[in-house]
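Content type mmCIF, C-alpha atoms and all ligand atoms, from the file run-v1.cif:
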data_input
#
loop_
_atom_site.label_atom_id
_atom_site.label_comp_id
_atom_site.auth_asym_id
_atom_site.auth_seq_id
_atom_site.Cartn_x
_atom_site.Cartn_y
_atom_site.Cartn_z
CA MET A 14 19.53 -3.02 -22.32
CA SER A 15 23.07 -2.18 -21.27
CA LYS A 16 23.57 1.05 -19.35
CA ASP A 17 26.30 2.00 -21.82
CA LEU A 18 25.21 3.20 -25.25
CA LEU A 19 28.71 3.19 -26.74
CA THR A 20 31.72 1.11 -25.78
CA LEU A 21 35.25 1.07 -27.19
CA LYS A 22 37.45 -1.84 -26.17
CA GLY A 23 41.17 -1.86 -26.94
CA VAL A 24 40.77 0.29 -30.05
CA HIS A 25 43.88 0.92 -32.15
CA THR A 26 43.95 3.28 -35.13
CA HIS A 27 46.68 3.75 -37.69
CA ILE A 28 46.73 6.74 -40.02
CA GLY A 29 49.02 5.77 -42.86
CA ALA A 30 52.31 4.78 -41.26
CA TYR A 31 51.42 6.40 -37.94
CA HIS A 32 50.08 4.43 -35.00
CA ILE A 33 47.78 7.01 -33.31
CA LEU A 34 45.41 5.14 -30.97
CA HIS A 35 47.06 2.51 -28.79
CA GLY A 36 44.15 0.61 -27.23
CA VAL A 37 41.40 3.08 -26.31
CA ASP A 38 38.89 1.88 -23.70
CA LEU A 39 35.92 4.22 -23.44
CA THR A 40 32.33 3.90 -22.28
CA VAL A 41 29.55 6.41 -22.92
CA PRO A 42 26.66 5.80 -20.53
CA ARG A 43 23.15 6.09 -21.96
CA GLY A 44 21.43 9.44 -21.33
CA GLN A 45 24.56 11.09 -19.94
CA LEU A 46 26.96 13.70 -21.20
CA THR A 47 30.48 12.32 -21.46
CA MET A 48 33.45 14.66 -21.77
CA LEU A 49 36.56 13.52 -23.59
CA LEU A 50 39.45 15.66 -22.40
CA GLY A 51 43.19 15.68 -23.02
CA ARG A 52 46.11 17.72 -24.22
CA ASN A 53 46.61 18.72 -27.86
CA GLY A 54 47.46 15.71 -29.94
CA ALA A 55 46.24 13.21 -27.31
CA GLY A 56 44.04 11.43 -29.86
CA LYS A 57 40.57 12.84 -29.09
CA THR A 58 39.59 13.75 -32.65
CA THR A 59 41.03 10.47 -33.94
CA THR A 60 38.85 8.62 -31.42
CA LEU A 61 35.71 10.42 -32.65
CA ARG A 62 36.61 9.78 -36.29
CA THR A 63 37.25 6.11 -35.52
CA ILE A 64 33.84 5.79 -33.82
CA MET A 65 32.23 7.28 -36.95
CA GLY A 66 34.14 4.92 -39.27
CA LEU A 67 36.03 7.83 -40.86
CA TRP A 68 39.23 6.08 -39.78
CA LYS A 69 39.11 2.30 -39.50
CA ALA A 70 40.13 0.70 -36.23
CA SER A 71 43.04 -1.65 -36.91
CA GLN A 72 42.33 -3.62 -33.73
CA GLY A 73 39.70 -3.67 -30.97
CA ARG A 74 35.92 -3.41 -30.91
CA ILE A 75 33.37 -0.60 -31.00
CA GLU A 76 29.83 -1.38 -29.89
CA PHE A 77 26.83 0.89 -30.28
CA ASN A 78 23.58 -0.12 -28.63
CA GLY A 79 24.83 -3.69 -28.43
CA THR A 80 25.79 -3.86 -32.13
CA ASP A 81 29.38 -4.27 -33.31
CA ILE A 82 29.97 -1.22 -35.52
CA THR A 83 33.76 -1.56 -35.81
CA ALA A 84 33.74 -2.48 -39.49
CA LEU A 85 30.68 -0.48 -40.59
CA ALA A 86 30.87 2.38 -43.09
CA THR A 87 30.12 5.93 -41.92
CA PRO A 88 26.65 6.18 -43.56
CA GLN A 89 25.59 2.95 -41.85
CA ILE A 90 26.72 4.30 -38.49
CA ALA A 91 24.98 7.63 -39.12
CA SER A 92 21.78 5.79 -40.05
CA MET A 93 21.73 4.34 -36.52
CA ASN A 94 20.93 7.90 -35.38
CA VAL A 95 24.46 8.87 -34.50
CA ALA A 96 25.35 12.46 -35.45
CA TYR A 97 28.86 13.89 -35.58
CA VAL A 98 29.82 17.57 -35.64
CA PRO A 99 33.50 17.78 -36.67
CA GLU A 100 35.80 20.56 -35.55
CA ASN A 101 35.45 22.35 -38.92
CA MET A 102 31.65 22.08 -38.48
CA GLY A 103 30.91 21.00 -42.07
CA ILE A 104 28.77 24.04 -42.89
CA PHE A 105 28.18 25.23 -46.47
CA SER A 106 29.20 28.91 -46.35
CA ASP A 107 27.55 29.92 -49.63
CA LEU A 108 24.18 28.46 -48.69
CA THR A 109 21.69 30.06 -46.34
CA VAL A 110 21.09 28.81 -42.82
CA ARG A 111 17.76 27.39 -44.06
CA GLU A 112 19.45 25.53 -46.93
CA ASN A 113 22.08 24.16 -44.56
CA MET A 114 19.32 22.82 -42.31
CA LEU A 115 17.42 21.42 -45.26
CA LEU A 116 20.43 19.49 -46.51
CA ALA A 117 20.84 17.95 -43.08
CA ALA A 118 17.21 16.80 -42.95
CA ARG A 119 17.12 13.53 -44.85
CA GLY A 120 14.18 13.42 -47.18
CA ALA A 121 12.93 16.99 -46.68
CA LYS A 122 12.88 18.76 -50.05
CA HIS A 123 11.85 22.17 -48.82
CA ALA A 124 11.68 23.92 -45.47
CA GLY A 125 7.96 23.20 -45.19
CA GLN A 126 8.79 19.49 -44.89
CA MET A 127 11.11 19.87 -41.94
CA ASP A 128 9.45 18.75 -38.75
CA ASP A 129 7.87 21.96 -37.51
CA THR A 130 7.76 21.09 -33.84
CA ARG A 131 11.36 19.99 -33.92
CA LEU A 132 12.42 23.11 -35.79
CA LYS A 133 10.70 25.32 -33.19
CA TRP A 134 12.50 23.41 -30.46
CA ILE A 135 15.84 23.94 -32.26
CA PHE A 136 15.04 27.67 -32.59
CA SER A 137 14.39 27.81 -28.84
CA LEU A 138 17.78 26.20 -28.18
CA PHE A 139 19.61 28.36 -30.74
CA PRO A 140 17.70 31.60 -31.48
CA ALA A 141 20.45 32.70 -33.91
CA VAL A 142 19.41 29.91 -36.30
CA GLU A 143 15.95 31.44 -36.59
CA LYS A 144 17.24 35.01 -36.68
CA PHE A 145 19.64 34.36 -39.57
CA TRP A 146 17.41 31.80 -41.34
CA ASN A 147 17.72 33.42 -44.79
CA HIS A 148 21.31 34.67 -44.42
CA PRO A 149 24.35 32.98 -45.96
CA ALA A 150 25.92 30.74 -43.33
CA GLY A 151 29.37 32.13 -44.18
CA LYS A 152 28.33 35.48 -42.72
CA LEU A 153 27.62 34.06 -39.25
CA SER A 154 30.00 34.57 -36.33
CA GLY A 155 32.05 31.62 -35.06
CA GLY A 156 29.57 30.97 -32.24
CA GLN A 157 26.57 31.18 -34.55
CA LYS A 158 28.22 28.76 -36.98
CA GLN A 159 28.81 26.33 -34.14
CA MET A 160 25.13 26.65 -33.17
CA LEU A 161 24.10 26.00 -36.77
CA ALA A 162 26.39 22.96 -36.91
CA VAL A 163 24.80 21.46 -33.79
CA SER A 164 21.31 22.37 -35.09
CA ARG A 165 22.02 20.50 -38.32
CA ALA A 166 23.11 17.47 -36.31
CA ILE A 167 19.84 17.39 -34.35
CA VAL A 168 17.45 18.24 -37.20
CA GLU A 169 16.27 14.66 -36.76
CA PRO A 170 16.01 12.80 -33.45
CA ARG A 171 19.37 11.32 -32.42
CA GLU A 172 20.41 8.66 -30.01
CA LEU A 173 24.01 9.81 -29.82
CA LEU A 174 25.38 13.26 -30.55
CA ILE A 175 29.16 13.56 -30.91
CA VAL A 176 30.65 17.06 -31.02
CA ASP A 177 34.32 18.03 -31.40
CA GLU A 178 35.22 21.08 -29.29
CA PRO A 179 32.01 23.13 -29.42
CA SER A 180 33.52 25.87 -27.23
CA LYS A 181 36.62 26.40 -29.36
CA GLY A 182 37.36 30.08 -29.97
CA LEU A 183 34.06 31.26 -28.46
CA ALA A 184 33.62 34.28 -26.17
CA PRO A 185 32.50 33.51 -22.59
CA ALA A 186 28.92 34.78 -23.13
CA ILE A 187 28.50 32.50 -26.15
CA ILE A 188 30.01 29.60 -24.20
CA ASN A 189 27.28 30.14 -21.58
CA ASN A 190 24.60 29.92 -24.31
CA MET A 191 26.23 26.75 -25.58
CA ILE A 192 26.27 25.23 -22.08
CA ASP A 193 22.54 26.00 -21.65
CA ALA A 194 21.73 24.45 -25.03
CA PHE A 195 23.67 21.24 -24.32
CA ALA A 196 22.05 21.00 -20.89
CA GLN A 197 18.61 21.16 -22.57
CA LEU A 198 19.65 18.67 -25.21
CA LYS A 199 20.74 16.26 -22.51
CA ALA A 200 17.46 16.81 -20.67
CA SER A 201 15.66 15.79 -23.87
CA GLY A 202 17.21 12.33 -23.47
CA VAL A 203 19.97 12.35 -26.09
CA THR A 204 23.29 10.82 -25.11
CA ILE A 205 26.18 13.21 -25.79
CA LEU A 206 29.92 12.76 -26.26
CA LEU A 207 31.90 16.02 -26.35
CA VAL A 208 35.59 16.65 -26.91
CA GLU A 209 36.75 19.60 -24.85
CA GLN A 210 39.85 21.57 -23.98
CA ASN A 211 37.99 24.05 -21.77
CA ILE A 212 37.91 22.50 -18.28
CA ASN A 213 35.31 25.00 -17.02
CA PHE A 214 32.94 24.12 -19.86
CA ALA A 215 33.57 20.45 -19.08
CA LYS A 216 32.96 20.89 -15.35
CA ARG A 217 29.62 22.61 -15.89
CA LEU A 218 28.21 20.04 -18.28
CA GLY A 219 29.90 16.70 -17.86
CA ASP A 220 28.44 13.72 -16.02
CA THR A 221 31.22 11.35 -16.98
CA VAL A 222 34.74 12.11 -18.09
CA ALA A 223 37.53 10.31 -19.89
CA VAL A 224 40.98 11.83 -20.20
CA MET A 225 43.27 10.82 -23.06
CA ASP A 226 47.02 11.05 -23.40
CA ASN A 227 49.29 9.57 -26.06
CA GLY A 228 46.53 7.62 -27.76
CA VAL A 229 45.01 5.94 -24.70
CA VAL A 230 42.43 6.79 -22.03
CA VAL A 231 44.47 7.43 -18.89
CA HIS A 232 41.59 8.28 -16.55
CA SER A 233 37.84 7.78 -16.50
CA GLY A 234 35.21 8.43 -13.86
CA SER A 235 32.69 11.03 -12.79
CA MET A 236 33.18 14.65 -13.83
CA LYS A 237 32.43 15.73 -10.25
CA GLU A 238 35.36 13.75 -8.88
CA LEU A 239 37.79 15.31 -11.38
CA ALA A 240 36.30 18.80 -10.94
CA GLU A 241 36.91 18.65 -7.18
CA ASP A 242 40.49 17.37 -7.43
CA GLU A 243 42.83 20.07 -8.70
CA ASN A 244 45.91 17.90 -8.29
CA LEU A 245 44.35 15.23 -10.47
CA GLN A 246 43.38 17.87 -13.07
CA HIS A 247 46.91 19.17 -13.08
CA SER A 248 48.53 15.77 -13.41
CA LEU A 249 46.13 14.68 -16.16
CA LEU A 250 45.73 17.86 -18.13
CA GLY A 251 48.80 19.92 -17.19
CA LEU A 252 48.95 23.18 -19.05
CA ALA A 253 45.63 22.49 -20.72
CA ILE A 254 43.81 23.79 -17.62
N1 LIG B 1 45.85 12.76 -40.93
C1 LIG B 1 46.84 12.57 -40.05
N2 LIG B 1 48.05 12.12 -40.46
C2 LIG B 1 49.04 11.90 -39.58
N3 LIG B 1 48.94 12.12 -38.26
C3 LIG B 1 47.78 12.57 -37.80
C4 LIG B 1 46.66 12.83 -38.66
N4 LIG B 1 45.63 13.26 -37.90
C5 LIG B 1 46.09 13.30 -36.63
N5 LIG B 1 47.37 12.88 -36.57
C6 LIG B 1 48.20 12.80 -35.35
O1 LIG B 1 47.52 12.01 -34.41
C7 LIG B 1 47.72 12.50 -33.11
C8 LIG B 1 46.37 12.70 -32.46
O2 LIG B 1 45.68 13.74 -33.14
P1 LIG B 1 44.20 14.16 -32.75
O3 LIG B 1 43.76 15.22 -33.69
O4 LIG B 1 43.36 12.94 -32.61
O5 LIG B 1 44.42 14.78 -31.30
P2 LIG B 1 43.48 15.66 -30.41
O6 LIG B 1 43.55 15.10 -29.04
O7 LIG B 1 42.13 15.75 -31.03
O8 LIG B 1 44.21 17.04 -30.47
P3 LIG B 1 43.68 18.54 -30.65
O9 LIG B 1 43.08 18.88 -29.34
O10 LIG B 1 44.94 19.27 -30.92
O11 LIG B 1 42.71 18.53 -31.78
C9 LIG B 1 48.53 13.77 -33.24
O12 LIG B 1 49.87 13.47 -32.95
C10 LIG B 1 48.36 14.15 -34.69
O13 LIG B 1 49.49 14.83 -35.18
#
Take the structure from the file and write it as structure tokens.
Ligand SMILES: Nc1ncnc2c1ncn2[C@@H]1O[C@H](COP(=O)(O)OP(=O)(O)OP(=O)(O)O)[C@@H](O)[C@H]1O
Amino acid sequence: MSKDLLTLKGVHTHIGAYHILHGVDLTVPRGQLTMLLGRNGAGKTTTLRTIMGLWKASQGRIEFNGTDITALATPQIASMNVAYVPENMGIFSDLTVRENMLLAARGAKHAGQMDDTRLKWIFSLFPAVEKFWNHPAGKLSGGQKQMLAVSRAIVEPRELLIVDEPSKGLAPAIINNMIDAFAQLKASGVTILLVEQNINFAKRLGDTVAVMDNGVVVHSGSMKELAEDENLQHSLLGLAI
């Protein structure tokens, strides 16, 4: 078994007439939390969408758990226990928190069929999900919505959890809750790939880091090395810090 769960080799993505990814090389080591950093417009979201098959790679290879997934459709990729939380979170505002969770649990027709032990574990990670269980999701705060979105993604056991900017727009206290929850998720054995703009969030959680610029990965290594090198942070991330 390779130590890397996910590998991108020379991945190019075109969106319509635009050439967005120009040969992305990225590895996500098994059991670790990998941070994907970079300035606005660097290509981070496009990379996540390409992994999930929501954009098709025009060149290059994406391997998950030793399988070539480059040409697979999104549902096939998801069925390999890969969950993706997009930046807009994909929550149904008019439905309750419970109904949102239910829809995410494949096969469960009512809340009683959701795995009870798992649900309790999710409640311990994100108490707001339990507290607002019968409330419309649209009434939740930004942080609570983000917590619901991640809860939906982990309603079933996952091998890889991919989350686009979970700290975006959140107050520092909520960011701390989010950091604790991701740390516990990682401790449970799930491999995580997070897009981030917030370097402090990244420093506190990341094991591995990849920095993108102009559609390629321009730096990869340990998060610790980048966290300790302010010059490197500045040259790679500039005003994003
Ligand atoms: N649907 C689209 N059509 C055309 N261009 C797009 C589309 N989506 C993204 N792009 C362009 O692709 C480039 C990369 O965008 P992407 O969203 O991947 O960057 P990002 O690193 O996630 O940035 P941000 O942090 O701002 O979300 C940008 O120049 C963006 O304008």
Nearby polymer residues, ligand LIG 1 (chain B), at most 7 Å, all atoms listed in the file, as a compact mmCIF listing (two decimals) with C-alpha atoms, in the frame of the given file:
# COMPACT_ATOMS: atom_id res chain seq x y z
CA ILE A 28 46.73 6.74 -40.02
CA GLY A 29 49.02 5.77 -42.86
CA TYR A 31 51.42 6.40 -37.94
CA ILE A 33 47.78 7.01 -33.31
CA GLY A 51 43.19 15.68 -23.02
CA ARG A 52 46.11 17.72 -24.22
CA ASN A 53 46.61 18.72 -27.86
CA GLY A 54 47.46 15.71 -29.94
CA ALA A 55 46.24 13.21 -27.31
CA GLY A 56 44.04 11.43 -29.86
CA LYS A 57 40.57 12.84 -29.09
CA THR A 58 39.59 13.75 -32.65
CA THR A 59 41.03 10.47 -33.94
CA THR A 60 38.85 8.62 -31.42
CA GLN A 210 39.85 21.57 -23.98
CA GLY A 228 46.53 7.62 -27.76
Could you please give me, as a PDB file with C-alpha atoms, in the frame of the given file, the residues of protein, DNA or RNA lying at most 10 Å from (18.7, 32.0, -43.5) in the coordinate frame of the file, considering all atoms listed in the file?
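Saved as result30.pdb:
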ATOM      1  CA  LEU A 108      24.180  28.460 -48.690  1.00  0.00           C
ATOM      2  CA  THR A 109      21.690  30.060 -46.340  1.00  0.00           C
ATOM      3  CA  VAL A 110      21.090  28.810 -42.820  1.00  0.00           C
ATOM      4  CA  ARG A 111      17.760  27.390 -44.060  1.00  0.00           C
ATOM      5  CA  GLU A 112      19.450  25.530 -46.930  1.00  0.00           C
ATOM      6  CA  ASN A 113      22.080  24.160 -44.560  1.00  0.00           C
ATOM      7  CA  MET A 114      19.320  22.820 -42.310  1.00  0.00           C
ATOM      8  CA  ALA A 141      20.450  32.700 -33.910  1.00  0.00           C
ATOM      9  CA  VAL A 142      19.410  29.910 -36.300  1.00  0.00           C
ATOM     10  CA  GLU A 143      15.950  31.440 -36.590  1.00  0.00           C
ATOM     11  CA  LYS A 144      17.240  35.010 -36.680  1.00  0.00           C
ATOM     12  CA  PHE A 145      19.640  34.360 -39.570  1.00  0.00           C
ATOM     13  CA  TRP A 146      17.410  31.800 -41.340  1.00  0.00           C
ATOM     14  CA  ASN A 147      17.720  33.420 -44.790  1.00  0.00           C
ATOM     15  CA  HIS A 148      21.310  34.670 -44.420  1.00  0.00           C
ATOM     16  CA  PRO A 149      24.350  32.980 -45.960  1.00  0.00           C
ATOM     17  CA  ALA A 150      25.920  30.740 -43.330  1.00  0.00           C
TER      18      ALA A 150
END
Original post:
For Ile187 of chain A, which of A:Val224, A:Met160, A:Leu250, A:Ala91 is the closest residue, counting only C-alpha atoms?
Top reply: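 Nearest to Ile187 of chain A: A:Met160.
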Subject >> Nearest to Val203 of chain A by atom-to-atom distance, counting only C-alpha atoms, from A:Ser15, A:Thr80, A:Ser71, A:Asn94 >> reply: A:Asn94
Original post:
When you draw a straight line from atom CA of Gln89 of chain A to atom CA of Gly103 of chain A, how long is it in Å?
Top reply: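 Atom CA of Gly103 of chain A lies 18.8 Å from atom CA of Gln89 of chain A.
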Original post:
Could you pull the residues within 7 Å of Arg165 of chain A, counting only C-alpha atoms, minus those fewer than 3 positions along the same chain, as a PyMOL selection string?
Top reply: chain A and resi 114+117+161-162+168
**OP:** For Ala215 of chain A, please output as a PyMOL selection string all residues within 12 Å (counting only C-alpha atoms; exclusion window: fewer than 3 positions along the same chain).
**Re:** chain A and resi 46-51+178-180+188-189+191-192+195-196+206-212+218-224+235-237+239-240+246+254
File dump, residues just selected, C-alpha atoms, as a short mmCIF file (atom, residue, chain, number, x, y, z; two decimals), in the frame of the given file:
data_model
loop_
_atom_site.label_atom_id
_atom_site.label_comp_id
_atom_site.auth_asym_id
_atom_site.auth_seq_id
_atom_site.Cartn_x
_atom_site.Cartn_y
_atom_site.Cartn_z
CA LEU A 46 26.96 13.70 -21.20
CA THR A 47 30.48 12.32 -21.46
CA MET A 48 33.45 14.66 -21.77
CA LEU A 49 36.56 13.52 -23.59
CA LEU A 50 39.45 15.66 -22.40
CA GLY A 51 43.19 15.68 -23.02
CA GLU A 178 35.22 21.08 -29.29
CA PRO A 179 32.01 23.13 -29.42
CA SER A 180 33.52 25.87 -27.23
CA ILE A 188 30.01 29.60 -24.20
CA ASN A 189 27.28 30.14 -21.58
CA MET A 191 26.23 26.75 -25.58
CA ILE A 192 26.27 25.23 -22.08
CA PHE A 195 23.67 21.24 -24.32
CA ALA A 196 22.05 21.00 -20.89
CA LEU A 206 29.92 12.76 -26.26
CA LEU A 207 31.90 16.02 -26.35
CA VAL A 208 35.59 16.65 -26.91
CA GLU A 209 36.75 19.60 -24.85
CA GLN A 210 39.85 21.57 -23.98
CA ASN A 211 37.99 24.05 -21.77
CA ILE A 212 37.91 22.50 -18.28
CA LEU A 218 28.21 20.04 -18.28
CA GLY A 219 29.90 16.70 -17.86
CA ASP A 220 28.44 13.72 -16.02
CA THR A 221 31.22 11.35 -16.98
CA VAL A 222 34.74 12.11 -18.09
CA ALA A 223 37.53 10.31 -19.89
CA VAL A 224 40.98 11.83 -20.20
CA SER A 235 32.69 11.03 -12.79
CA MET A 236 33.18 14.65 -13.83
CA LYS A 237 32.43 15.73 -10.25
CA LEU A 239 37.79 15.31 -11.38
CA ALA A 240 36.30 18.80 -10.94
CA GLN A 246 43.38 17.87 -13.07
CA ILE A 254 43.81 23.79 -17.62
#
Atoms kept (C-alpha atoms) for segment 95-160 of chain A, as a compact mmCIF listing (two decimals), in the first residue's frame:
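So decode_8.txt came out as:
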# COMPACT_ATOMS: atom_id res chain seq x y z
CA VAL A 95 -14.28 10.45 -1.00
CA ALA A 96 -16.34 13.37 0.35
CA TYR A 97 -16.14 16.95 -0.90
CA VAL A 98 -17.44 20.06 0.87
CA PRO A 99 -17.50 22.90 -1.69
CA GLU A 100 -17.07 26.54 -0.74
CA ASN A 101 -20.84 27.15 -0.96
CA MET A 102 -21.30 24.14 1.35
CA GLY A 103 -24.21 22.59 -0.58
CA ILE A 104 -26.69 22.86 2.29
CA PHE A 105 -30.47 22.90 1.73
CA SER A 106 -31.60 26.07 3.55
CA ASP A 107 -35.30 25.21 3.65
CA LEU A 108 -34.74 21.78 5.17
CA THR A 109 -33.95 21.12 8.81
CA VAL A 110 -30.50 20.13 10.01
CA ARG A 111 -31.86 16.59 10.52
CA GLU A 112 -33.20 16.44 6.94
CA ASN A 113 -29.90 17.74 5.59
CA MET A 114 -28.08 14.96 7.44
CA LEU A 115 -30.58 12.37 6.30
CA LEU A 116 -30.15 13.31 2.65
CA ALA A 117 -26.40 12.90 3.03
CA ALA A 118 -26.74 9.41 4.52
CA ARG A 119 -27.11 7.08 1.57
CA GLY A 120 -29.85 4.59 2.17
CA ALA A 121 -31.17 5.99 5.46
CA LYS A 122 -34.86 6.83 5.05
CA HIS A 123 -35.42 8.35 8.46
CA ALA A 124 -33.23 9.62 11.26
CA GLY A 125 -33.63 6.36 13.16
CA GLN A 126 -31.66 4.61 10.41
CA MET A 127 -28.63 6.86 10.65
CA ASP A 128 -25.79 5.12 12.42
CA ASP A 129 -26.40 6.11 16.02
CA THR A 130 -22.84 5.75 17.25
CA ARG A 131 -21.56 7.76 14.34
CA LEU A 132 -24.20 10.43 14.84
CA LYS A 133 -23.24 10.77 18.52
CA TRP A 134 -19.62 11.12 17.49
CA ILE A 135 -20.57 13.85 14.98
CA PHE A 136 -22.57 15.63 17.72
CA SER A 137 -19.50 15.52 19.96
CA LEU A 138 -17.41 17.11 17.20
CA PHE A 139 -20.07 19.69 16.28
CA PRO A 140 -22.51 20.28 19.18
CA ALA A 141 -24.41 22.88 17.11
CA VAL A 142 -25.63 20.10 14.80
CA GLU A 143 -27.39 18.43 17.73
CA LYS A 144 -28.58 21.72 19.22
CA PHE A 145 -30.25 22.88 16.00
CA TRP A 146 -31.34 19.39 14.85
CA ASN A 147 -34.95 20.41 14.10
CA HIS A 148 -34.22 23.96 12.92
CA PRO A 149 -34.13 25.05 9.28
CA ALA A 150 -30.51 25.00 8.12
CA GLY A 151 -30.95 28.45 6.55
CA LYS A 152 -31.29 29.95 10.03
CA LEU A 153 -27.84 28.77 11.16
CA SER A 154 -24.87 31.14 11.43
CA GLY A 155 -22.05 30.88 8.88
CA GLY A 156 -19.94 28.81 11.28
CA GLN A 157 -22.80 26.48 12.14
CA LYS A 158 -23.55 25.97 8.44
CA GLN A 159 -19.92 25.08 7.85
CA MET A 160 -20.12 22.58 10.72
